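Below is entry_10.cif, which holds mmCIF, C-alpha atoms (C1' of nucleotides).
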data_protein
#
loop_
_atom_site.label_atom_id
_atom_site.label_comp_id
_atom_site.auth_asym_id
_atom_site.auth_seq_id
_atom_site.Cartn_x
_atom_site.Cartn_y
_atom_site.Cartn_z
CA MET A 1 0.89 -26.42 -19.34
CA LYS A 2 0.41 -23.46 -17.04
CA ILE A 3 0.67 -19.96 -18.53
CA ALA A 4 0.50 -16.73 -16.55
CA THR A 5 0.71 -12.98 -17.08
CA TRP A 6 1.63 -10.24 -14.61
CA ASN A 7 2.18 -6.52 -14.90
CA VAL A 8 4.84 -6.11 -12.21
CA ASN A 9 5.28 -2.30 -12.38
CA SER A 10 9.10 -2.42 -12.12
CA LEU A 11 10.82 -5.81 -12.03
CA ARG A 12 13.61 -4.34 -9.89
CA VAL A 13 11.18 -3.51 -7.10
CA ARG A 14 9.07 -6.64 -7.56
CA LEU A 15 11.78 -9.29 -8.09
CA THR A 16 11.26 -11.03 -4.74
CA HIS A 17 7.50 -11.10 -5.36
CA VAL A 18 8.08 -12.69 -8.75
CA LEU A 19 10.57 -15.24 -7.41
CA ASP A 20 8.25 -16.19 -4.54
CA TRP A 21 5.30 -16.47 -6.89
CA LEU A 22 7.21 -18.64 -9.37
CA GLN A 23 8.22 -20.99 -6.59
CA HIS A 24 4.65 -21.21 -5.30
CA GLU A 25 2.82 -21.49 -8.63
CA GLN A 26 5.42 -23.25 -10.77
CA PRO A 27 4.05 -21.95 -14.09
CA ASP A 28 5.61 -23.14 -17.34
CA VAL A 29 5.44 -19.61 -18.72
CA LEU A 30 5.16 -16.22 -17.04
CA ALA A 31 4.77 -13.12 -19.22
CA LEU A 32 5.73 -9.85 -17.56
CA GLN A 33 4.81 -6.28 -18.44
CA GLU A 34 6.15 -2.96 -17.20
CA THR A 35 9.53 -4.40 -16.27
CA LYS A 36 10.91 -0.84 -16.54
CA THR A 37 14.33 -2.45 -16.87
CA GLU A 38 17.01 -1.96 -19.49
CA ASP A 39 18.15 -5.27 -20.97
CA ALA A 40 21.65 -4.91 -19.51
CA ASN A 41 20.13 -4.89 -16.00
CA PHE A 42 17.64 -7.75 -16.44
CA PRO A 43 17.95 -10.18 -13.49
CA VAL A 44 18.80 -13.21 -15.64
CA GLY A 45 20.85 -14.94 -12.92
CA GLU A 46 18.25 -14.74 -10.15
CA LEU A 47 15.57 -16.14 -12.44
CA GLU A 48 17.91 -18.82 -13.76
CA SER A 49 18.52 -19.94 -10.17
CA ALA A 50 14.74 -20.22 -9.78
CA GLY A 51 14.62 -22.52 -12.82
CA TYR A 52 13.51 -20.03 -15.46
CA ARG A 53 15.02 -18.80 -18.68
CA SER A 54 14.31 -15.22 -19.68
CA ILE A 55 13.79 -13.31 -22.87
CA PHE A 56 13.20 -9.59 -22.58
CA ARG A 57 12.81 -6.33 -24.43
CA GLY A 58 13.18 -3.43 -22.07
CA GLN A 59 13.92 0.26 -21.95
CA LYS A 60 14.69 2.85 -19.35
CA THR A 61 11.87 4.12 -17.12
CA TYR A 62 8.83 2.92 -19.07
CA ASN A 63 7.23 -0.20 -20.57
CA GLY A 64 9.32 -3.35 -21.01
CA VAL A 65 8.13 -6.93 -21.59
CA ALA A 66 9.62 -10.33 -20.79
CA ILE A 67 8.79 -14.02 -21.05
CA LEU A 68 10.06 -16.39 -18.36
CA SER A 69 9.86 -20.09 -19.17
CA ARG A 70 11.12 -23.44 -17.98
CA LYS A 71 11.80 -24.55 -21.56
CA PRO A 72 13.58 -22.42 -24.16
CA ALA A 73 11.73 -19.63 -25.96
CA LEU A 74 12.22 -19.90 -29.73
CA ASP A 75 11.40 -17.77 -32.77
CA VAL A 76 11.36 -14.55 -30.77
CA VAL A 77 9.56 -11.55 -32.26
CA SER A 78 9.43 -8.09 -30.69
CA ASP A 79 9.02 -5.74 -33.64
CA LEU A 80 6.04 -5.82 -35.96
CA PRO A 81 6.58 -5.25 -39.68
CA ASN A 82 3.71 -2.74 -39.68
CA LEU A 83 4.50 -0.97 -36.41
CA GLU A 84 7.68 1.02 -35.92
CA ASP A 85 7.70 1.82 -32.24
CA PRO A 86 10.54 2.54 -29.80
CA GLN A 87 8.22 1.58 -26.93
CA ARG A 88 8.91 -2.00 -25.82
CA ARG A 89 5.43 -3.47 -25.56
CA ILE A 90 5.42 -6.68 -27.60
CA LEU A 91 7.23 -9.99 -27.21
CA ALA A 92 6.29 -13.27 -28.86
CA ALA A 93 7.97 -16.66 -28.72
CA THR A 94 7.32 -20.37 -29.04
CA VAL A 95 7.71 -22.40 -25.85
CA ASP A 96 7.32 -26.17 -26.02
CA GLY A 97 5.25 -25.81 -29.19
CA TRP A 98 2.98 -23.11 -27.73
CA ARG A 99 3.03 -19.70 -29.36
CA ILE A 100 3.03 -17.09 -26.61
CA VAL A 101 2.27 -13.45 -27.43
CA ASN A 102 2.92 -10.99 -24.60
CA LEU A 103 1.31 -7.54 -24.98
CA TYR A 104 1.58 -4.39 -22.95
CA VAL A 105 -1.19 -2.37 -24.57
CA PRO A 106 -0.80 1.42 -24.23
CA ASN A 107 -2.83 2.89 -21.39
CA GLY A 108 -4.26 5.70 -23.49
CA SER A 109 -4.26 8.29 -20.72
CA GLU A 110 -7.58 9.96 -21.56
CA VAL A 111 -10.26 9.42 -24.19
CA GLY A 112 -9.59 11.78 -27.07
CA SER A 113 -5.93 12.41 -26.21
CA ASP A 114 -2.92 11.77 -28.46
CA LYS A 115 -2.09 8.74 -26.32
CA TYR A 116 -5.63 7.43 -26.85
CA ALA A 117 -5.21 7.71 -30.62
CA TYR A 118 -1.86 5.91 -30.32
CA LYS A 119 -3.55 3.15 -28.31
CA LEU A 120 -6.29 2.54 -30.89
CA ASP A 121 -3.82 2.67 -33.78
CA TRP A 122 -1.50 0.27 -31.93
CA LEU A 123 -4.36 -2.15 -31.33
CA ALA A 124 -5.39 -2.00 -34.99
CA ARG A 125 -1.85 -2.85 -36.10
CA VAL A 126 -1.54 -5.68 -33.61
CA HIS A 127 -4.89 -6.97 -34.89
CA VAL A 128 -3.56 -7.14 -38.45
CA TRP A 129 -0.38 -8.86 -37.29
CA LEU A 130 -2.20 -11.43 -35.10
CA GLU A 131 -4.47 -12.37 -37.98
CA GLN A 132 -1.38 -13.45 -39.93
CA GLU A 133 0.30 -15.05 -36.92
CA LEU A 134 -2.74 -17.20 -36.27
CA LEU A 135 -2.34 -18.79 -39.69
CA HIS A 136 1.10 -20.09 -38.70
CA HIS A 137 0.43 -20.80 -35.03
CA PRO A 138 -2.92 -22.46 -34.38
CA ARG A 139 -1.90 -23.07 -30.75
CA MET A 140 -1.60 -19.46 -29.67
CA VAL A 141 -2.05 -17.74 -26.33
CA VAL A 142 -2.17 -13.93 -26.30
CA VAL A 143 -1.59 -12.59 -22.80
CA GLY A 144 -0.83 -9.35 -21.10
CA ASP A 145 -2.00 -6.04 -19.76
CA PHE A 146 -4.60 -5.05 -22.35
CA ASN A 147 -5.57 -1.87 -20.52
CA ILE A 148 -9.17 -2.63 -21.54
CA ALA A 149 -12.00 -3.73 -19.28
CA PRO A 150 -14.07 -5.67 -21.84
CA GLU A 151 -17.48 -5.41 -20.18
CA ASP A 152 -19.25 -3.59 -17.39
CA CYS A 153 -18.97 -6.68 -15.19
CA ASP A 154 -15.20 -6.14 -15.35
CA VAL A 155 -15.56 -2.72 -13.71
CA HIS A 156 -16.24 -1.97 -10.03
CA ASP A 157 -18.34 1.10 -10.87
CA PRO A 158 -19.53 0.99 -14.49
CA ALA A 159 -21.38 4.30 -14.21
CA ALA A 160 -18.33 6.18 -12.95
CA TRP A 161 -16.18 4.62 -15.68
CA HIS A 162 -18.70 5.04 -18.49
CA GLU A 163 -16.77 6.03 -21.66
CA LYS A 164 -13.68 6.68 -19.55
CA ILE A 165 -10.24 5.40 -20.49
CA LEU A 166 -9.94 1.57 -20.29
CA CYS A 167 -13.73 1.31 -20.72
CA SER A 168 -14.64 3.38 -23.79
CA ALA A 169 -16.66 1.85 -26.62
CA PRO A 170 -13.81 2.03 -29.20
CA GLU A 171 -11.41 0.26 -26.82
CA ARG A 172 -13.97 -2.43 -26.09
CA GLN A 173 -14.63 -2.80 -29.81
CA ALA A 174 -10.90 -3.26 -30.42
CA PHE A 175 -10.88 -6.00 -27.80
CA ARG A 176 -13.87 -7.74 -29.40
CA ASP A 177 -12.16 -7.41 -32.79
CA LEU A 178 -9.18 -9.34 -31.42
CA LEU A 179 -11.49 -12.05 -30.10
CA ALA A 180 -13.19 -12.20 -33.50
CA LEU A 181 -9.91 -13.31 -35.06
CA GLY A 182 -10.51 -16.62 -33.33
CA PHE A 183 -9.74 -16.24 -29.65
CA SER A 184 -11.70 -16.59 -26.48
CA ASP A 185 -11.25 -14.83 -23.15
CA ALA A 186 -10.09 -17.76 -21.01
CA PHE A 187 -11.28 -16.13 -17.78
CA ARG A 188 -14.87 -15.98 -18.99
CA ALA A 189 -14.84 -19.60 -20.12
CA PHE A 190 -15.24 -20.54 -16.46
CA GLU A 191 -17.50 -19.56 -13.62
CA GLN A 192 -15.89 -16.74 -11.67
CA PRO A 193 -16.59 -14.80 -8.51
CA GLU A 194 -18.49 -11.57 -9.11
CA ARG A 195 -16.39 -8.44 -8.98
CA SER A 196 -13.21 -10.19 -10.12
CA PHE A 197 -10.52 -7.65 -10.99
CA SER A 198 -6.85 -7.76 -11.94
CA TRP A 199 -5.87 -4.14 -11.23
CA TRP A 200 -6.61 -1.80 -8.37
CA ASP A 201 -5.47 1.82 -8.15
CA TYR A 202 -2.86 2.42 -5.46
CA ARG A 203 -4.89 5.42 -4.35
CA MET A 204 -8.00 5.62 -2.18
CA ASN A 205 -7.43 2.15 -0.67
CA GLY A 206 -8.55 0.71 -3.99
CA PHE A 207 -7.55 -2.86 -3.26
CA ARG A 208 -8.94 -3.05 0.26
CA ARG A 209 -12.28 -1.76 -1.08
CA ASN A 210 -12.04 -3.92 -4.23
CA LEU A 211 -12.35 -0.88 -6.47
CA GLY A 212 -10.75 -2.57 -9.45
CA LEU A 213 -10.89 -3.37 -13.13
CA ARG A 214 -10.22 -6.58 -15.04
CA ILE A 215 -7.75 -5.40 -17.67
CA ASP A 216 -5.20 -8.27 -17.71
CA HIS A 217 -6.23 -11.09 -19.98
CA ILE A 218 -5.41 -14.48 -21.44
CA LEU A 219 -6.80 -15.07 -24.93
CA ILE A 220 -6.65 -18.58 -26.28
CA SER A 221 -7.00 -19.69 -29.88
CA ARG A 222 -9.80 -22.04 -30.89
CA GLY A 223 -7.50 -25.03 -31.00
CA LEU A 224 -6.78 -24.66 -27.28
CA GLU A 225 -10.30 -24.19 -25.96
CA LYS A 226 -10.91 -27.85 -25.18
CA SER A 227 -7.65 -28.26 -23.30
CA CYS A 228 -8.07 -25.17 -21.12
CA GLN A 229 -9.05 -26.44 -17.68
CA ALA A 230 -9.05 -23.31 -15.54
CA CYS A 231 -8.32 -19.60 -15.51
CA ARG A 232 -8.09 -17.46 -12.40
CA ILE A 233 -6.77 -14.21 -11.01
CA ASP A 234 -4.42 -14.62 -8.06
CA ALA A 235 -4.94 -11.59 -5.81
CA GLU A 236 -2.58 -12.88 -3.11
CA PRO A 237 0.51 -10.95 -4.29
CA ARG A 238 -1.55 -7.72 -4.20
CA LYS A 239 -1.89 -8.17 -0.42
CA ARG A 240 1.86 -8.04 0.17
CA GLU A 241 4.01 -5.08 1.16
CA ARG A 242 4.91 -2.86 -1.80
CA PRO A 243 2.79 -4.78 -4.29
CA SER A 244 2.36 -4.24 -7.99
CA ASP A 245 -0.98 -2.59 -8.69
CA HIS A 246 -1.80 -5.64 -10.91
CA ALA A 247 -2.43 -9.26 -9.93
CA PRO A 248 -1.24 -12.27 -11.96
CA VAL A 249 -3.71 -14.13 -14.19
CA VAL A 250 -3.14 -17.86 -14.69
CA ALA A 251 -4.48 -20.39 -17.18
CA GLN A 252 -4.07 -24.14 -16.78
CA PHE A 253 -4.14 -26.49 -19.77
CA GLY A 254 -4.45 -30.26 -19.70
"C1'" DA B 255 -13.07 19.65 -11.14
"C1'" DT B 256 -9.61 17.36 -8.50
"C1'" DG B 257 -6.81 14.41 -5.76
"C1'" DG B 258 -5.27 10.43 -3.93
"C1'" DT B 259 -0.26 6.56 -4.61
"C1'" DA B 260 3.66 4.39 -6.81
"C1'" DG B 261 7.90 4.03 -9.81
"C1'" DG B 262 11.34 6.21 -12.20
"C1'" DT B 263 15.80 9.48 -11.93
"C1'" DT B 264 12.18 13.62 -11.98
"C1'" DT B 265 12.00 18.59 -10.70
"C1'" DC B 266 7.49 16.09 -13.85
"C1'" DC B 267 5.80 12.02 -16.58
"C1'" DT B 268 3.20 7.82 -16.75
"C1'" DA B 269 -0.02 4.86 -14.89
#
Write out the structure in this file as structure tokens.
Amino acid sequence: MKIATWNVNSLRVRLTHVLDWLQHEQPDVLALQETKTEDANFPVGELESAGYRSIFRGQKTYNGVAILSRKPALDVVSDLPNLEDPQRRILAATVDGWRIVNLYVPNGSEVGSDKYAYKLDWLARVHVWLEQELLHHPRMVVVGDFNIAPEDCDVHDPAAWHEKILCSAPERQAFRDLLALGFSDAFRAFEQPERSFSWWDYRMNGFRRNLGLRIDHILISRGLEKSCQACRIDAEPRKRERPSDHAPVVAQFG
DNA sequence: ATGGTAGGTTTCCTA
């Protein structure tokens, strides 16, 4: 089982990148964030031709999540009982017996802003929901753009980012609180190159200079730890013309 | 303190 996550920053613009990447990597599941695509326009046919089924919850202009999978996605959930939210940021489904939860965590804009408060509240509600979900789905993988760099080693310049958005103590605590439910950060279960990042700002030649953050994650429940064989960030698509500002993260299970 | 870039359908908002 190979499970991946990728913030594509507009599926319309990035469709050829996604199709090429699917063909090259052949994942069983690919979770997408920031599709920025209304459901009526989702490219079901192109993905079907590539061998993937799609489920999606999109909206105009912003947000939007999808799960692409070789096998059918069942028991789809996109609205939490404790979170009424027009923003399409959550999509969960069971694929081949694996519970997949795809999250596009709010960015938060700036520490102390209204959007920051929304982010922390959103995370707290997702925390409550995941605690219940875990009871029913011991084989659970929570993936997505968390918009949180968990530790200073996930930040190119920890001093410059100190207590800034994506790096503030409350955000990092919320991330640790999710882990404490019974998940581990798959990426850190393996030896990794130093300065491994999953997002680089489009500005200031961020990618070329590797001025990035690791904010895209794959969390695996306890029951899956032994079967997880590898987790890596694939920076190759970021080198292409008109890339997403995020790279895919991939976990391989035996 | 600010700007730099990208995507959307914009005369700015979000990231």
Report summary line: One decimal place gives the CA of Leu178 (chain A)-CA of Leu22 (chain A) separation as 29.0 Å
Based on all atoms listed in the file, which of the residues in chain B come within 9 Å of chain A? I want them as a PDB file with C-alpha atoms (C1' of nucleotides), in the frame of the given file.
ATOM      1  C1'  DG B 258      -5.270  10.430  -3.930  1.00  0.00           C
ATOM      2  C1'  DT B 259      -0.260   6.560  -4.610  1.00  0.00           C
ATOM      3  C1'  DA B 260       3.660   4.390  -6.810  1.00  0.00           C
ATOM      4  C1'  DG B 261       7.900   4.030  -9.810  1.00  0.00           C
ATOM      5  C1'  DG B 262      11.340   6.210 -12.200  1.00  0.00           C
ATOM      6  C1'  DT B 263      15.800   9.480 -11.930  1.00  0.00           C
ATOM      7  C1'  DT B 268       3.200   7.820 -16.750  1.00  0.00           C
ATOM      8  C1'  DA B 269      -0.020   4.860 -14.890  1.00  0.00           C
TER       9       DA B 269
END
Query raised in the report: Taking only C-alpha atoms into account, which of A:Thr5, A:Val76, A:Glu110, A:Ile233 comes nearest Pro193 (chain A)?
Result: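 Of A:Thr5, A:Val76, A:Glu110, A:Ile233, the one nearest Pro193 (chain A) is A:Ile233, counting only C-alpha atoms.
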**Report entry** Atom-to-atom span, CA of Val126 (chain A) and CA of Phe190 (chain A), Å
**Finding:**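 Computing it gives 26.5 Å between the two atoms.
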Query raised in the report: Can you list, as JSON, numbers by chain, every protein, DNA or RNA residue that comes within 10 Å of Leu123 (chain A) when you count all atoms listed in the file, leaving out same-chain residues fewer than 6 positions away?
Result: {"A": [105, 106, 117, 129, 146, 171, 174, 175, 177, 178]}
Could the residues in this selection be written to a file with C-alpha atoms, as a PDB file, in the coordinates of the input?
ATOM      1  CA  VAL A 105      -1.190  -2.370 -24.570  1.00  0.00           C
ATOM      2  CA  PRO A 106      -0.800   1.420 -24.230  1.00  0.00           C
ATOM      3  CA  ALA A 117      -5.210   7.710 -30.620  1.00  0.00           C
ATOM      4  CA  TRP A 129      -0.380  -8.860 -37.290  1.00  0.00           C
ATOM      5  CA  PHE A 146      -4.600  -5.050 -22.350  1.00  0.00           C
ATOM      6  CA  GLU A 171     -11.410   0.260 -26.820  1.00  0.00           C
ATOM      7  CA  ALA A 174     -10.900  -3.260 -30.420  1.00  0.00           C
ATOM      8  CA  PHE A 175     -10.880  -6.000 -27.800  1.00  0.00           C
ATOM      9  CA  ASP A 177     -12.160  -7.410 -32.790  1.00  0.00           C
ATOM     10  CA  LEU A 178      -9.180  -9.340 -31.420  1.00  0.00           C
TER      11      LEU A 178
END
Query raised in the report: Evaluating the PyMOL selection byres ((chain A and resi 58) around 6) on the displayed file yields which residues, as a ChimeraX atom specification?
Result: /A:37-39,57,59,64,88
